[in-house]
Amino acid sequence: MSSERLYLFDTTLRDGAQTPGIEFSLEDKIAVTKLLEELGVDYIEGGYPGANVVDDQFFAEKRTQKATFTAFGMTKRAGRSVGNDPGVQAVIHSKAEAVCFVGKSWDKQVRVALEISPKENLDNLQESITAGIEAGKEVLVDCEHFFDGYKQNPDYALSFVRTALDALKDKLAVRGSSCVEQPAVQPVKKRKK
């Protein structure tokens, strides 16, 4: 039997809260967390400390018994040190055991949305990861726009992944958030008997 394992990472309490008409109270977040733990989810991303009052309250104490309580946040902003970035500081000083930093892995998004150079984006990623590790957190990285970025500029998308892996030496969450195109999925063919 293989020693490899698939870990379940749930984003209901953050991504789900972006659905029109959904607004979680503190009590809702606590109840959903308990349900996700009962399902056996390994990582529960509870939201973004520093984004709103409910998330600040939610991350004021550890909310999981078995699952890894995870805070979401962006990599540090350009022109600021990690120590002077309120977003990064809120995430790494929360009661979460793990942090998931989202960073743009498509160079077009880096230039257009962040208005910084691709190299500065990689530096911001590395510095954010280092800050999380130094704060004693398990750090994960969400490679935002990875699939679109890989299609347009595979060298940069992969340099983002390499930068994260070099800094992490651990887990990396690669997903196609905000993707225009999802990767093609090949249909499963039945084996001939």
# chains A, B, ... in the order shown; residues from 1 in each chain; ligands from 1
>>> residues_around(residues="segment 22-28 of chain A", least_positions_apart="3", cutoff="8 Å", atoms="only C-alpha atoms", output="MDAnalysis selection string")
chainID A and resid 13 16:19 31:32 54:55 57:58
>>> write_last_selection(atoms="N, CA and C atoms", output="compact mmCIF listing (two decimals), in the first residue's frame")
# COMPACT_ATOMS: atom_id res chain seq x y z
N LEU A 13 -15.88 28.43 4.17
CA LEU A 13 -16.06 29.60 5.03
C LEU A 13 -15.47 30.88 4.45
N GLY A 16 -17.22 30.24 0.03
CA GLY A 16 -18.67 30.18 0.17
C GLY A 16 -19.28 31.51 0.57
N ALA A 17 -18.54 32.28 1.35
CA ALA A 17 -19.02 33.59 1.80
C ALA A 17 -19.04 34.61 0.67
N GLN A 18 -18.44 34.28 -0.48
CA GLN A 18 -18.44 35.19 -1.62
C GLN A 18 -19.66 34.98 -2.52
N THR A 19 -20.50 34.03 -2.16
CA THR A 19 -21.72 33.74 -2.90
C THR A 19 -22.76 34.82 -2.59
N ALA A 31 -20.47 26.61 13.62
CA ALA A 31 -21.30 25.45 13.30
C ALA A 31 -20.81 24.73 12.04
N VAL A 32 -20.46 25.48 11.01
CA VAL A 32 -19.97 24.87 9.77
C VAL A 32 -18.64 24.17 10.02
N VAL A 54 -16.21 39.68 11.79
CA VAL A 54 -16.52 38.27 12.04
C VAL A 54 -15.26 37.41 11.90
N ASP A 55 -14.48 37.63 10.85
CA ASP A 55 -13.25 36.84 10.70
C ASP A 55 -12.26 37.14 11.81
N GLN A 57 -13.02 37.89 14.89
CA GLN A 57 -13.52 37.15 16.04
C GLN A 57 -13.29 35.65 15.88
N PHE A 58 -13.52 35.14 14.68
CA PHE A 58 -13.37 33.71 14.42
C PHE A 58 -11.93 33.27 14.65
>>> select_by_dssp(residues="segment 15-182 of chain A", states="alpha helix (DSSP H)", output="number ranges by chain")
A: 15, 26-39, 53-58, 86-92, 107-109, 118-134, 146-152, 154-168
>>> residues_around(residues="segment 70-78 of chain A", least_positions_apart="6", cutoff="7 Å", atoms="only C-alpha atoms", output="PyMOL selection string")
chain A and resi 43-49+85+87-88+91+96-103+124-125+128
>>> write_last_selection(atoms="N, CA and C atoms", output="PDB file, in the first residue's frame")
ATOM      1  N   TYR A  43      -8.128  20.149   6.374  1.00  0.00           N
ATOM      2  CA  TYR A  43      -7.816  21.572   6.531  1.00  0.00           C
ATOM      3  C   TYR A  43      -9.105  22.358   6.358  1.00  0.00           C
ATOM      4  N   ILE A  44      -9.389  23.240   7.307  1.00  0.00           N
ATOM      5  CA  ILE A  44     -10.560  24.104   7.214  1.00  0.00           C
ATOM      6  C   ILE A  44     -10.061  25.538   7.152  1.00  0.00           C
ATOM      7  N   GLU A  45     -10.230  26.114   5.960  1.00  0.00           N
ATOM      8  CA  GLU A  45      -9.844  27.508   5.765  1.00  0.00           C
ATOM      9  C   GLU A  45     -11.011  28.357   6.236  1.00  0.00           C
ATOM     10  N   GLY A  46     -10.816  29.040   7.341  1.00  0.00           N
ATOM     11  CA  GLY A  46     -11.911  29.725   8.016  1.00  0.00           C
ATOM     12  C   GLY A  46     -12.211  31.126   7.548  1.00  0.00           C
ATOM     13  N   GLY A  47     -11.393  31.671   6.674  1.00  0.00           N
ATOM     14  CA  GLY A  47     -11.601  33.038   6.220  1.00  0.00           C
ATOM     15  C   GLY A  47     -10.301  33.802   6.238  1.00  0.00           C
ATOM     16  N   TYR A  48     -10.431  35.123   6.280  1.00  0.00           N
ATOM     17  CA  TYR A  48      -9.298  36.027   6.113  1.00  0.00           C
ATOM     18  C   TYR A  48      -9.199  36.968   7.328  1.00  0.00           C
ATOM     19  N   PRO A  49      -8.358  36.634   8.320  1.00  0.00           N
ATOM     20  CA  PRO A  49      -8.203  37.533   9.470  1.00  0.00           C
ATOM     21  C   PRO A  49      -7.827  38.946   9.005  1.00  0.00           C
ATOM     22  N   ASP A  85       3.018  45.033   6.824  1.00  0.00           N
ATOM     23  CA  ASP A  85       1.856  44.689   6.009  1.00  0.00           C
ATOM     24  C   ASP A  85       0.767  44.164   6.945  1.00  0.00           C
ATOM     25  N   GLY A  87      -2.159  42.941   6.471  1.00  0.00           N
ATOM     26  CA  GLY A  87      -2.791  41.698   6.050  1.00  0.00           C
ATOM     27  C   GLY A  87      -1.979  40.479   6.444  1.00  0.00           C
ATOM     28  N   VAL A  88      -0.690  40.520   6.142  1.00  0.00           N
ATOM     29  CA  VAL A  88       0.188  39.394   6.497  1.00  0.00           C
ATOM     30  C   VAL A  88       0.265  39.252   8.011  1.00  0.00           C
ATOM     31  N   VAL A  91      -2.803  37.538   9.506  1.00  0.00           N
ATOM     32  CA  VAL A  91      -2.837  36.102   9.209  1.00  0.00           C
ATOM     33  C   VAL A  91      -1.859  35.337  10.095  1.00  0.00           C
ATOM     34  N   ALA A  96      -4.824  30.480  14.028  1.00  0.00           N
ATOM     35  CA  ALA A  96      -4.781  29.370  13.075  1.00  0.00           C
ATOM     36  C   ALA A  96      -3.436  28.662  13.161  1.00  0.00           C
ATOM     37  N   GLU A  97      -3.478  27.351  12.946  1.00  0.00           N
ATOM     38  CA  GLU A  97      -2.240  26.558  12.934  1.00  0.00           C
ATOM     39  C   GLU A  97      -1.521  26.662  11.597  1.00  0.00           C
ATOM     40  N   ALA A  98      -2.293  26.931  10.543  1.00  0.00           N
ATOM     41  CA  ALA A  98      -1.736  26.997   9.197  1.00  0.00           C
ATOM     42  C   ALA A  98      -2.211  28.276   8.520  1.00  0.00           C
ATOM     43  N   VAL A  99      -1.448  28.712   7.541  1.00  0.00           N
ATOM     44  CA  VAL A  99      -1.847  29.843   6.710  1.00  0.00           C
ATOM     45  C   VAL A  99      -1.743  29.419   5.249  1.00  0.00           C
ATOM     46  N   CYS A 100      -2.667  29.936   4.460  1.00  0.00           N
ATOM     47  CA  CYS A 100      -2.620  29.708   3.022  1.00  0.00           C
ATOM     48  C   CYS A 100      -2.506  31.072   2.357  1.00  0.00           C
ATOM     49  N   PHE A 101      -1.333  31.349   1.818  1.00  0.00           N
ATOM     50  CA  PHE A 101      -1.115  32.606   1.107  1.00  0.00           C
ATOM     51  C   PHE A 101      -1.509  32.423  -0.351  1.00  0.00           C
ATOM     52  N   VAL A 102      -2.299  33.348  -0.863  1.00  0.00           N
ATOM     53  CA  VAL A 102      -2.636  33.338  -2.282  1.00  0.00           C
ATOM     54  C   VAL A 102      -1.729  34.340  -2.985  1.00  0.00           C
ATOM     55  N   GLY A 103      -1.201  33.898  -4.113  1.00  0.00           N
ATOM     56  CA  GLY A 103      -0.349  34.762  -4.923  1.00  0.00           C
ATOM     57  C   GLY A 103      -0.629  34.532  -6.390  1.00  0.00           C
ATOM     58  N   ASN A 124       7.920  38.820  -3.078  1.00  0.00           N
ATOM     59  CA  ASN A 124       6.836  38.970  -2.098  1.00  0.00           C
ATOM     60  C   ASN A 124       6.344  37.604  -1.622  1.00  0.00           C
ATOM     61  N   LEU A 125       6.254  36.659  -2.547  1.00  0.00           N
ATOM     62  CA  LEU A 125       5.842  35.298  -2.206  1.00  0.00           C
ATOM     63  C   LEU A 125       6.821  34.672  -1.225  1.00  0.00           C
ATOM     64  N   SER A 128       6.703  36.310   2.252  1.00  0.00           N
ATOM     65  CA  SER A 128       5.477  35.963   2.984  1.00  0.00           C
ATOM     66  C   SER A 128       5.569  34.561   3.559  1.00  0.00           C
TER      67      SER A 128
END
>>> select_by_dssp(residues="segment 61-163 of chain A", states="strand (DSSP E)", output="VMD selection string")
chain A and resid 68 to 74 98 to 104 138 to 144
>>> write_last_selection(atoms="N, CA and C atoms", output="short mmCIF file (atom, residue, chain, number, x, y, z; two decimals), in the first residue's frame")
data_model
loop_
_atom_site.label_atom_id
_atom_site.label_comp_id
_atom_site.auth_asym_id
_atom_site.auth_seq_id
_atom_site.Cartn_x
_atom_site.Cartn_y
_atom_site.Cartn_z
N THR A 68 -6.91 20.86 10.66
CA THR A 68 -5.95 21.96 10.78
C THR A 68 -6.67 23.27 10.48
N PHE A 69 -6.74 24.12 11.49
CA PHE A 69 -7.40 25.43 11.39
C PHE A 69 -6.50 26.33 10.55
N THR A 70 -7.03 26.83 9.43
CA THR A 70 -6.22 27.53 8.44
C THR A 70 -6.75 28.93 8.16
N ALA A 71 -5.85 29.89 8.14
CA ALA A 71 -6.19 31.28 7.80
C ALA A 71 -5.74 31.55 6.36
N PHE A 72 -6.54 32.32 5.66
CA PHE A 72 -6.25 32.71 4.28
C PHE A 72 -5.73 34.13 4.27
N GLY A 73 -4.81 34.43 3.38
CA GLY A 73 -4.35 35.80 3.22
C GLY A 73 -3.53 35.96 1.96
N MET A 74 -3.35 37.18 1.56
CA MET A 74 -2.55 37.48 0.38
C MET A 74 -1.08 37.59 0.75
N ALA A 98 -2.29 26.93 10.54
CA ALA A 98 -1.74 27.00 9.20
C ALA A 98 -2.21 28.28 8.52
N VAL A 99 -1.45 28.71 7.54
CA VAL A 99 -1.85 29.84 6.71
C VAL A 99 -1.74 29.42 5.25
N CYS A 100 -2.67 29.94 4.46
CA CYS A 100 -2.62 29.71 3.02
C CYS A 100 -2.51 31.07 2.36
N PHE A 101 -1.33 31.35 1.82
CA PHE A 101 -1.11 32.61 1.11
C PHE A 101 -1.51 32.42 -0.35
N VAL A 102 -2.30 33.35 -0.86
CA VAL A 102 -2.64 33.34 -2.28
C VAL A 102 -1.73 34.34 -2.99
N GLY A 103 -1.20 33.90 -4.11
CA GLY A 103 -0.35 34.76 -4.92
C GLY A 103 -0.63 34.53 -6.39
N LYS A 104 -0.46 35.56 -7.17
CA LYS A 104 -0.74 35.46 -8.60
C LYS A 104 0.41 34.76 -9.31
N GLU A 138 2.18 26.28 9.74
CA GLU A 138 2.31 25.46 8.54
C GLU A 138 1.86 26.36 7.39
N VAL A 139 2.65 26.47 6.35
CA VAL A 139 2.34 27.39 5.27
C VAL A 139 1.99 26.62 4.00
N LEU A 140 0.89 27.02 3.40
CA LEU A 140 0.47 26.50 2.10
C LEU A 140 0.37 27.68 1.15
N VAL A 141 0.43 27.40 -0.15
CA VAL A 141 0.35 28.47 -1.14
C VAL A 141 -0.72 28.12 -2.17
N ASP A 142 -1.58 29.08 -2.43
CA ASP A 142 -2.60 28.98 -3.47
C ASP A 142 -2.05 29.73 -4.69
N CYS A 143 -1.78 29.00 -5.75
CA CYS A 143 -1.23 29.56 -6.99
C CYS A 143 -2.38 30.08 -7.85
N GLU A 144 -2.81 31.30 -7.57
CA GLU A 144 -3.96 31.86 -8.26
C GLU A 144 -3.66 32.05 -9.74
#
>>> atom_distance(atom1="atom CA of Glu4 of chain A", atom2="atom CA of Phe146 of chain A")
23.8 Å
>>> residues_around(residues="segment 110-122 of chain A", least_positions_apart="4", cutoff="7 Å", atoms="only C-alpha atoms", output="ChimeraX atom specification")
/A:104,106,126,160,163
>>> closest_residue(among="A:Ala67, A:Glu127, A:Gly136, A:Lys34", to="Ile92 of chain A", atoms="only C-alpha atoms")
A:Gly136
>>> atom_distance(atom1="atom CA of Asp107 of chain A", atom2="atom CA of Asp155 of chain A")
9.7 Å
>>> atom_distance(atom1="atom CA of Lys29 of chain A", atom2="atom CA of Thr64 of chain A")
11.2 Å
